[in-house]
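All remarks here apply to the structure that follows.
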Amino acid sequence: MNDTSDRAFINISEQSSLYNDLEKKSVREILEDINREDQKVALAVKRTIPQIEKLVNEIVPRMKQGGRIFYIGAGTSGRLGVLDASEIPPTFGMPPTLVIGLIAGGDSALRNPVEKAEDDTRRGWQELTEHNVTNKDIVIGIAASGTTPYVVGALHEASAHGILTACITSNPGSPMAAEADIAIEMVVGPEFVTGSSRMKSGTGQKLILNMISTCVMIQLGRVKGNKMVNMQLTNQKLIDRGTRILVEELGLDYGKAHALLLMHGSVKAAVDAYRGTT
């Protein structure tokens, strides 16, 4: 793995909170202090937009050629990657095989921590190879600390195999960033509860993952105007939303739009079929 011994690395996400005696604070004080810290997150994310832009511009052509996105992380970071990946099919109508979330310890770790799973430097790459990862794909490591062995090891091997790698971390100059082609270093500062990276770091990771996947899907034509025209019609709320989009787009009454949507299964398919026959 890349040598980071000559690079200054301070684990900011593990530094002591700026607040103390939390148990002595009132509920209002705790909430206001958490909110004060949360307001720092969006600004920290804003500073990473050039790196996010670079990553999206690398992802889009690869996905057009059949590439996939792999998110890989442990704990909160892994859960957030799995969450973002799981929302791509219902939101954008893409197959679940195109954006894949891997978490140390497997799916059982989504609800319960798996002891020492994140300490295995080999397992992340093993899981990627189980998915037949290729150099058309993109591997994005997620770890607030930037030191998680499961993630660092996976990025190292992915890079060695000519696969584009990126990372999302809260600590600049981390071992994980050293292994990534594109390092998104979102410096949010110490957590409100010391070391609790599910808080500001997790919030920032969610924002960045939203930005990456949403921008990629728009670039791939999965959104029209500002509408989710490829969303899966999995419940009445989404069927109603799709119907109202057709009413607006095609000038139909609600009943005809509803029938057209159910006939074709998606807003885009309904629009294309209607316009192809009128």
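Residues in the structure tokens are numbered from 1 in each chain, the chains being A, B, ... in the order shown, and ligands are numbered from 1 in the order shown.
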Which residues of stretch 76-184 of chain A sit at most 8 Å from stretch 230-239 of chain A, using only C-alpha atoms? Give each one's shortest atom pair and distance in Å (one decimal place), in chain and ascending residue order, as JSON lines.
```
{"residue": "A:Pro89", "atom": "CA", "partner": "A:Gln232", "partner_atom": "CA", "distance": 7.2}
{"residue": "A:Pro90", "atom": "CA", "partner": "A:Gln232", "partner_atom": "CA", "distance": 4.8}
{"residue": "A:Thr91", "atom": "CA", "partner": "A:Met231", "partner_atom": "CA", "distance": 4.6}
{"residue": "A:Phe92", "atom": "CA", "partner": "A:Met231", "partner_atom": "CA", "distance": 4.9}
{"residue": "A:Gly93", "atom": "CA", "partner": "A:Asn230", "partner_atom": "CA", "distance": 4.9}
```
Could you write those residues out with N, CA and C atoms, as a PDB file, in the first residue's frame?
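Output file out-v3.pdb is given in full below:
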```pdb
ATOM      1  N   PRO A  89     -32.703   1.993  -7.783  1.00  0.00           N
ATOM      2  CA  PRO A  89     -33.755   1.363  -8.603  1.00  0.00           C
ATOM      3  C   PRO A  89     -35.132   2.019  -8.455  1.00  0.00           C
ATOM      4  N   PRO A  90     -35.656   2.234  -7.228  1.00  0.00           N
ATOM      5  CA  PRO A  90     -36.990   2.838  -7.152  1.00  0.00           C
ATOM      6  C   PRO A  90     -37.045   4.286  -7.620  1.00  0.00           C
ATOM      7  N   THR A  91     -35.967   5.030  -7.413  1.00  0.00           N
ATOM      8  CA  THR A  91     -35.972   6.448  -7.772  1.00  0.00           C
ATOM      9  C   THR A  91     -35.742   6.672  -9.258  1.00  0.00           C
ATOM     10  N   PHE A  92     -34.821   5.904  -9.839  1.00  0.00           N
ATOM     11  CA  PHE A  92     -34.414   6.172 -11.218  1.00  0.00           C
ATOM     12  C   PHE A  92     -34.707   5.009 -12.173  1.00  0.00           C
ATOM     13  N   GLY A  93     -35.265   3.924 -11.667  1.00  0.00           N
ATOM     14  CA  GLY A  93     -35.627   2.809 -12.528  1.00  0.00           C
ATOM     15  C   GLY A  93     -34.450   2.055 -13.098  1.00  0.00           C
TER      16      GLY A  93
END
```
Inset, instruction - Name the residues of stretch 39-214 of chain A that come out as strand (DSSP E or B) in a backbone DSSP run; write them as number ranges by chain. - result: A: 69-73, 99-103, 138-142, 164-169, 182-185
Output file for the residues above (N, CA and C atoms, as a short mmCIF file (atom, residue, chain, number, x, y, z; two decimals), in the first residue's frame):
```
data_model
loop_
_atom_site.label_atom_id
_atom_site.label_comp_id
_atom_site.auth_asym_id
_atom_site.auth_seq_id
_atom_site.Cartn_x
_atom_site.Cartn_y
_atom_site.Cartn_z
N ILE A 69 -20.98 1.34 -10.16
CA ILE A 69 -20.45 1.99 -8.97
C ILE A 69 -20.50 1.01 -7.81
N PHE A 70 -19.38 0.89 -7.13
CA PHE A 70 -19.34 0.12 -5.87
C PHE A 70 -19.04 1.08 -4.73
N TYR A 71 -19.92 1.15 -3.74
CA TYR A 71 -19.63 1.81 -2.48
C TYR A 71 -19.13 0.76 -1.51
N ILE A 72 -18.10 1.07 -0.75
CA ILE A 72 -17.60 0.10 0.21
C ILE A 72 -17.23 0.81 1.51
N GLY A 73 -17.75 0.31 2.62
CA GLY A 73 -17.50 0.95 3.91
C GLY A 73 -17.84 0.02 5.05
N VAL A 99 -25.47 0.02 -9.18
CA VAL A 99 -24.89 0.71 -8.02
C VAL A 99 -25.02 -0.24 -6.85
N ILE A 100 -23.87 -0.65 -6.32
CA ILE A 100 -23.84 -1.74 -5.33
C ILE A 100 -23.15 -1.25 -4.06
N GLY A 101 -23.79 -1.47 -2.93
CA GLY A 101 -23.21 -1.12 -1.65
C GLY A 101 -22.68 -2.33 -0.92
N LEU A 102 -21.42 -2.29 -0.52
CA LEU A 102 -20.81 -3.37 0.25
C LEU A 102 -20.47 -2.86 1.64
N ILE A 103 -20.79 -3.64 2.66
CA ILE A 103 -20.52 -3.26 4.04
C ILE A 103 -19.75 -4.37 4.74
N ILE A 138 -16.21 1.56 -10.91
CA ILE A 138 -15.69 2.59 -10.02
C ILE A 138 -15.88 2.11 -8.59
N VAL A 139 -14.84 2.18 -7.79
CA VAL A 139 -14.93 1.77 -6.38
C VAL A 139 -14.75 3.01 -5.51
N ILE A 140 -15.75 3.28 -4.68
CA ILE A 140 -15.74 4.46 -3.81
C ILE A 140 -15.72 4.01 -2.36
N GLY A 141 -14.61 4.24 -1.69
CA GLY A 141 -14.49 3.91 -0.28
C GLY A 141 -15.07 5.02 0.58
N ILE A 142 -15.75 4.61 1.66
CA ILE A 142 -16.37 5.57 2.57
C ILE A 142 -15.90 5.25 3.98
N LEU A 164 -10.71 2.59 -11.37
CA LEU A 164 -10.82 3.94 -10.81
C LEU A 164 -11.31 3.87 -9.37
N THR A 165 -10.60 4.57 -8.49
CA THR A 165 -10.99 4.56 -7.08
C THR A 165 -11.21 5.99 -6.58
N ALA A 166 -12.11 6.11 -5.61
CA ALA A 166 -12.37 7.39 -4.97
C ALA A 166 -12.67 7.11 -3.50
N CYS A 167 -12.69 8.16 -2.70
CA CYS A 167 -13.04 7.97 -1.30
C CYS A 167 -13.74 9.20 -0.75
N ILE A 168 -14.50 8.98 0.32
CA ILE A 168 -15.15 10.05 1.06
C ILE A 168 -14.70 9.92 2.51
N THR A 169 -14.01 10.93 3.02
CA THR A 169 -13.46 10.85 4.36
C THR A 169 -13.55 12.20 5.05
N ILE A 182 -9.29 9.77 -6.63
CA ILE A 182 -10.00 11.01 -6.33
C ILE A 182 -10.41 10.98 -4.86
N ALA A 183 -9.83 11.87 -4.07
CA ALA A 183 -10.12 11.91 -2.64
C ALA A 183 -11.05 13.06 -2.32
N ILE A 184 -12.22 12.73 -1.80
CA ILE A 184 -13.17 13.74 -1.35
C ILE A 184 -13.00 13.87 0.16
N GLU A 185 -12.30 14.91 0.58
CA GLU A 185 -11.94 15.09 1.99
C GLU A 185 -12.81 16.21 2.58
#
```
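Restricting the calculation to only C-alpha atoms, the smallest distance between A:Arg222 and any of A:Ala74, A:Val267, A:Val133, A:Val114 is found for A:Val267.
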I'd like the contact shell of A:Ala117 - 6 Å cut-off, only C-alpha atoms, skipping same-chain residues fewer than 3 positions apart - returned as a CSV table (one decimal) with N, CA and C atoms, in the first residue's frame.
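Okay, selection-v8.csv is ready:
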```csv
chain,number,residue,atom,x,y,z
A,104,ALA,N,-18.8,-4.0,5.5
A,104,ALA,CA,-18.0,-5.0,6.3
A,104,ALA,C,-18.9,-5.8,7.2
A,105,GLY,N,-18.8,-7.1,7.0
A,105,GLY,CA,-19.6,-8.0,7.8
A,105,GLY,C,-20.9,-8.5,7.1
A,114,VAL,N,-20.7,-6.3,13.4
A,114,VAL,CA,-20.0,-7.6,13.3
A,114,VAL,C,-18.6,-7.5,13.7
A,120,ASP,N,-10.4,-6.5,8.6
A,120,ASP,CA,-9.9,-7.5,7.6
A,120,ASP,C,-9.5,-6.7,6.3
```
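Of the residues listed (A:Ser108, A:Thr97, A:Ser213, A:Ser196), A:Ser196 shows the shortest atom-to-atom separation from A:Thr76; distances use only C-alpha atoms.
Residues in contact range of A:Leu22, defined as at most 12 Å between only C-alpha atoms, with sequence neighbours fewer than 3 positions away removed, read Ser17, Leu18, Tyr19, Lys25, Ser26, Val27, Arg28, Glu29, Ile30, Leu31, Asp33, Ile34, Phe192, Val193 and Thr194 of chain A.
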Inset, instruction - Compare A:Leu55, A:Leu83, A:Glu14, A:Gly66 by their minimum atom-to-atom distance to A:Lys206, counting only C-alpha atoms, and give me the closest one. - result: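 Looking only at the distances to A:Lys206, the closest residue turns out to be A:Leu83.
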Legend entry - Selection: 12 Å around stretch 272-277 of chain A, only C-alpha atoms, excl. self and same-chain fewer than 6 positions, as a ChimeraX atom specification: /A:229-230,246,249-252,256-257,259-261,263-266
Inset, instruction - List the neighbours of A:Gly153 out to 9 Å using only C-alpha atoms; skip same-chain residues closer than 2 positions along the sequence, and give me the result as a VMD selection string. - result: chain A and resid 1 120 to 125 148 to 151 155 to 158 176 179
Atoms to include: N, CA and C atoms. Write the selected residues as a PDB file, in the first residue's frame.
```
ATOM      1  N   MET A   1       0.840  -1.199   0.000  1.00  0.00           N
ATOM      2  CA  MET A   1       0.000   0.000   0.000  1.00  0.00           C
ATOM      3  C   MET A   1       0.873   1.246   0.000  1.00  0.00           C
ATOM      4  N   ASP A 120     -10.369  -6.486   8.599  1.00  0.00           N
ATOM      5  CA  ASP A 120      -9.866  -7.451   7.619  1.00  0.00           C
ATOM      6  C   ASP A 120      -9.451  -6.707   6.349  1.00  0.00           C
ATOM      7  N   THR A 121      -8.161  -6.618   6.096  1.00  0.00           N
ATOM      8  CA  THR A 121      -7.663  -5.868   4.939  1.00  0.00           C
ATOM      9  C   THR A 121      -7.939  -6.564   3.611  1.00  0.00           C
ATOM     10  N   ARG A 122      -8.229  -7.864   3.646  1.00  0.00           N
ATOM     11  CA  ARG A 122      -8.416  -8.623   2.410  1.00  0.00           C
ATOM     12  C   ARG A 122      -9.868  -8.773   1.990  1.00  0.00           C
ATOM     13  N   ARG A 123     -10.770  -8.725   2.967  1.00  0.00           N
ATOM     14  CA  ARG A 123     -12.159  -9.089   2.685  1.00  0.00           C
ATOM     15  C   ARG A 123     -12.841  -8.152   1.686  1.00  0.00           C
ATOM     16  N   GLY A 124     -12.558  -6.861   1.750  1.00  0.00           N
ATOM     17  CA  GLY A 124     -13.198  -5.925   0.828  1.00  0.00           C
ATOM     18  C   GLY A 124     -12.917  -6.262  -0.619  1.00  0.00           C
ATOM     19  N   TRP A 125     -11.661  -6.530  -0.936  1.00  0.00           N
ATOM     20  CA  TRP A 125     -11.308  -6.898  -2.302  1.00  0.00           C
ATOM     21  C   TRP A 125     -11.914  -8.238  -2.683  1.00  0.00           C
ATOM     22  N   THR A 148      -9.942   2.751   7.871  1.00  0.00           N
ATOM     23  CA  THR A 148     -10.588   1.443   7.991  1.00  0.00           C
ATOM     24  C   THR A 148      -9.893   0.409   7.099  1.00  0.00           C
ATOM     25  N   PRO A 149      -9.281  -0.633   7.674  1.00  0.00           N
ATOM     26  CA  PRO A 149      -8.528  -1.608   6.883  1.00  0.00           C
ATOM     27  C   PRO A 149      -9.352  -2.267   5.776  1.00  0.00           C
ATOM     28  N   TYR A 150     -10.586  -2.608   6.066  1.00  0.00           N
ATOM     29  CA  TYR A 150     -11.476  -3.240   5.080  1.00  0.00           C
ATOM     30  C   TYR A 150     -11.581  -2.382   3.820  1.00  0.00           C
ATOM     31  N   VAL A 151     -11.656  -1.074   4.004  1.00  0.00           N
ATOM     32  CA  VAL A 151     -11.805  -0.152   2.876  1.00  0.00           C
ATOM     33  C   VAL A 151     -10.457   0.153   2.231  1.00  0.00           C
ATOM     34  N   LEU A 155      -9.410  -0.558  -1.725  1.00  0.00           N
ATOM     35  CA  LEU A 155      -8.991   0.475  -2.663  1.00  0.00           C
ATOM     36  C   LEU A 155      -7.596   0.197  -3.212  1.00  0.00           C
ATOM     37  N   HIS A 156      -6.717  -0.292  -2.343  1.00  0.00           N
ATOM     38  CA  HIS A 156      -5.353  -0.609  -2.777  1.00  0.00           C
ATOM     39  C   HIS A 156      -5.368  -1.648  -3.893  1.00  0.00           C
ATOM     40  N   GLU A 157      -6.114  -2.710  -3.690  1.00  0.00           N
ATOM     41  CA  GLU A 157      -6.165  -3.772  -4.696  1.00  0.00           C
ATOM     42  C   GLU A 157      -6.894  -3.317  -5.952  1.00  0.00           C
ATOM     43  N   ALA A 158      -7.940  -2.538  -5.783  1.00  0.00           N
ATOM     44  CA  ALA A 158      -8.665  -2.030  -6.951  1.00  0.00           C
ATOM     45  C   ALA A 158      -7.745  -1.171  -7.817  1.00  0.00           C
ATOM     46  N   MET A 176      -6.529   6.063   3.482  1.00  0.00           N
ATOM     47  CA  MET A 176      -7.514   5.761   2.449  1.00  0.00           C
ATOM     48  C   MET A 176      -7.389   6.729   1.280  1.00  0.00           C
ATOM     49  N   GLU A 179      -4.759   5.960  -1.203  1.00  0.00           N
ATOM     50  CA  GLU A 179      -5.034   4.858  -2.120  1.00  0.00           C
ATOM     51  C   GLU A 179      -6.019   5.240  -3.219  1.00  0.00           C
TER      52      GLU A 179
END
```
Inset, instruction - Can you work out which one of A:Asn210, A:Asn57, A:Ser86, A:Ser170 has the shortest atom-to-atom distance to A:Arg198, counting only C-alpha atoms? - result: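 The shortest atom-to-atom distance to A:Arg198 comes from A:Ser170.
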Polymer residues at most 8 Å from A:Phe9, only C-alpha atoms, same-chain spacing of 6 or more positions, as a PDB file with C-alpha atoms, in the first residue's frame:
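The resulting file, out-v2.pdb, is shown below:
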```pdb
ATOM      1  CA  ASN A 171      -9.709  13.476   7.564  1.00  0.00           C
ATOM      2  CA  PRO A 172      -7.284  14.979   5.031  1.00  0.00           C
ATOM      3  CA  GLY A 173      -4.109  13.064   4.228  1.00  0.00           C
ATOM      4  CA  SER A 174      -5.481   9.717   5.397  1.00  0.00           C
TER       5      SER A 174
END
```
Inset, instruction - Please indicate the distance in Å from atom CA of A:Asp119 to atom CA of A:Arg68, rounded to one decimal place. - result: 25.5 Å
Inset, instruction - List every residue of stretch 104-274 of chain A that DSSP, applied to the backbone, labels as helix (DSSP H, G or I), and write the result as a ChimeraX atom specification. - result: /A:107-110,117-119,123-130,149-160,175-179,200-219,236-250,254-264,267-274
Legend entry - Nearest to A:Pro61, chosen from A:Met94, A:Ala42, A:Met217, A:Ile245, with only C-alpha atoms counted in the distances: A:Met217
Inset, instruction - Work out how far apart atom CA of A:Gln15 and atom CA of A:Glu191 are and give it in Å to one decimal. - result: 7.8 Å
Legend entry - Residue with smallest distance to A:Val216 - pool A:Arg36, A:Lys46, A:Arg62, A:Lys24, counting only C-alpha atoms: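 Nearest to A:Val216: A:Arg62.
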Inset, instruction - Can you work out the spacing between atom CA of A:Gly195 and atom CA of A:Ala85 in Å, to one decimal? - result: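 The value is 25.8 Å.
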